[in-house]
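A.B. asks: This is the structure I want to talk about, given as structure tokens.
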Amino acid sequence: MADFETPKFREYPVVPQIKADAMAGKGPFISRAEFDTDLGYPGELPENWKEKTLEKMGDLLGRYRSFQVFMDSCIKCGACTDKCHYFIGTNDPKNMPVARQDLMRKVYRRYFTVAGKFFPKLVGAVDLTEDVLDEWYNYYHQCSECRRCSVFCPMGIDTAEVTMAAREILAHVGKGQKYSNQIIQKVYKIGNNLGLPGPALKGILEDLEEEVEEDTGVPVKYNMDEVGCDALLMTPSADFFAEPHIDGLIGYGKVLHELGITWTVSSLASEAANFGLFIGSYENIQKISMRIREAAIKLKVKRIIFGECGHAWRVAYSFLNTLAGPFDFLDQNYPVPQHILEVTYGALQEGKLRMNKAENDHLTMTFHDSCNVARASRMGDKPGGQFDIPRAVIQAACNNYVDMDSDTIKDATFCCGGGGGILTDDLMEVRVKGALPRMEALKQVTEESGVTNIAAICAICKSQFTKTLPYYGFEMDAIMSVHQLVSDAIVMTGSEQEKDLDGSDDDEKSES
Amino acid sequence: MSAFYALLFTVAFLVLILGLAKKIIQYSRVPAPLKIPVTPAPLTKGGVAIRLAKEAILFAALFRSNKWTWLFGWLFHMSLFVVLLNHLRFFIKDVPLPLVLLQNVGEYAAFTMFIGLAGLLARRLFVARVKYISAPSDYLWLILLMFIAFTGIVMRFISHTDIIAVKEFCLGLVSFNWQSLPTDVPLMVHLFLVCVLMILLPFSKLLHIPGLFFAPSRNQVDNPREKRHVANWALDLDAEKNKTQPK
């Protein structure tokens, strides 16, 4: 692993000075042939790589309006330049969104526009060389596809769309990313990103049932492959064993139990996450999504509920209907799919969940808006529900809540630094440096408002924070799941917690 | 000389219109296969119209990003809009009253246009990260527009070009009855540069003019759960998938 220095906190969030090539050559491991060929990609750079690259570019320009329009409409105003956390943390100018897009745009202009064909130097067009391809590989894997830049671009240019196209093009000439391609393989072969086979999952869920019953006295079920339940729970595989993710899973179970909603996970579709999104591959996003459809049909559920995962929710909310729908065989009284937070929030609104906030009094919470949720999805029936609903749920479970600086939350939220295929050890420098602006915002509320912990609803954010918080002087367990807070505060009917609050007389049943 | 300019204008106009049409047709035909509006996004088409209007008229996202860039950028664009409105008088025989009244205020738009452009040029030259992303054409566009504004100011306030004759020329252009054009230098430069702009527009970043309205990040309605959205090219993949149905 490379040696690098954790960036220092800046006293004021000033625009960084450019340091050219600061992150040159720091891209991730390239995929091995064995991971690529099964996905239909070449295992190495072919002889006619240049032709193939341009061919794929042309193909994508004809199939994705975003890619075509964004290549043309950039006016080089620089509004985006200081908005990307990777530029802020690394000072490498090619991590400025416009410059990142330009790596592609310069080649686009050269081969696909009149101006670039005849007057390349005038319009900044360049020839496609192997060096250019390497640069693409390097910098398109220093973008987490978080869309923050698109919020601030006057033309609405979303660099993530360019990054996705770039990665798809690179994969087609044998330069796929090992991390993402390997994980996609695991989903196809085993059913989830972590390669957890069915029996292992079953064991974990049984352990959870024991643990929860011991803690609460309530026999909450955590089913797997159970036919005929109300709901299929699609949750990131990290929820099955990582901390603090698993505490979220415990929380979902308690909420669903209390609401009388029976549910199951599927061992074959045991992954909500969809890395097809990160590599910009429509076909792979669809193939992975189809497992959800198959599982829902096989298990004869009426609803699909998603757990706390950022990009999984983007795919679920924005793409599932397109890629794996229509879902007319599911109960149309519920949104398809639905986020667990929408379920919990709805229940709280209707007074169906009893919460003892005091259980979380030792915490002063803040909330990290995950990029895919914030800028690429919705919850509830109003725009911005994806900001309001998690906060409402947190505040239903805690007395002490503080938001971070308004320029760093909601649709301006800073990516955790680990999304979009970047959550890998070979990109640790990128991850730690990219985390800088979020860490600064956290530091501010820690110092000024006594914030002790930060909650998130994304498995990648939770893993990224666990790893990077210590680099910045925070505790690794400062990051929590939102449903962990719910789990700790919820007072289930017939539970030990209920008895503690109301007295153990069975005749005395409190109102919810 | 007049014939040269008449021809030049006709050619420039054709290149502009045909070039723009080609690009707009291209943008409309390329599908947007997935729902990707940047959220929070409007839930209705009306909401999208408002969102796009906020961008096109107020430069809302730019305001959020950088106040100085917004100030100079918006000033330039608004001034250009007023200037263009003013110039309609050259192409309409009997100028309607509102347009006549606009002239009194509108003539100062040339100055604010110049100031806006100058601010943007200074930024491009002196702010390191903006300079980094700038190609020669990025500077040249600003300079071109500044010369157009400048020559306009000279004609209006200093050399007092014979605008009646210019109007005759313009009316002649649109009715294919070419008239003669005064030959003062500011006018020649002004018109020539305008033609250069028209010819180059469809091949340049000025395509942001239609481009903004085709950006899926801004022009899509946020209703993927409620309404199924599938691109034509994805229909085959879709049909395959429909084989998975409950029994």
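Chains: A, B, ... in order of the structure tokens. Residues: from 1 per chain. Ligands: from 1, in order shown.
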Once you count only C-alpha atoms, which residues of chain B turn out to be within 6 Å of chain A? Could you give them as a list in words?
C.D. replies: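 Selected residues: Val30, Pro31, Ala32, Lys35, Val38, Thr39, Pro40, Ala61, Leu62, Ser65, Val130, Ala135, Pro136, Ser137, Lys205, Leu207, His208, Gly211, Leu212, Ser217, Pro224, Arg228, His229, Val230 and Pro246 of chain B.
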A.B. asks: If you run DSSP on this backbone, which residues of region 248-474 of chain A come out as alpha helix (DSSP H), and could you give them as number ranges by chain?
C.D. replies: A: 248-258, 282-298, 310-314, 320-324, 340-349, 371-376, 385-397, 428-434, 436-449, 459-468
A.B. asks: Report as a tab-separated table the residues of region 362-381 of chain A within 10 Å of region 415-424 of chain A, each with its shortest atom pair and distance in Å (one decimal), using only C-alpha atoms, ordered by chain and increasing residue number.
C.D. replies:
```
residue	atom	partner	partner_atom	distance
A:His368	CA	A:Cys416	CA	8.4
A:Asp369	CA	A:Cys415	CA	8.3
A:Ser370	CA	A:Cys415	CA	6.6
A:Cys371	CA	A:Cys415	CA	5.7
A:Asn372	CA	A:Gly419	CA	9.0
```
A.B. asks: To one decimal place, how far is CA of Leu200 (chain B) from CA of Val15 (chain B) in Å?
C.D. replies: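 Interatomic distance here is 8.5 Å.
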A.B. asks: Ranking B:Phe114, B:Trp233, B:Phe90, B:Phe59 by minimum distance to Phe76 (chain B) and counting only C-alpha atoms, which one comes first?
C.D. replies: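 Checking each candidate against Phe76 (chain B), we get B:Phe114 as the closest.
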A.B. asks: Under the rule that only C-alpha atoms are counted, which of B:Phe111, B:Arg124, B:Ile24, B:Gly19 is the nearest residue to Phe214 (chain B)?
C.D. replies: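 Looking only at the distances to Phe214 (chain B), the closest residue turns out to be B:Ile24.
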A.B. asks: Which residue out of A:Gln177, A:Arg291, A:Gly380, A:Ala455 has the minimum interatomic distance to Ala33 (chain A) when only C-alpha atoms are used?
C.D. replies: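 The shortest atom-to-atom distance to Ala33 (chain A) comes from A:Gln177.
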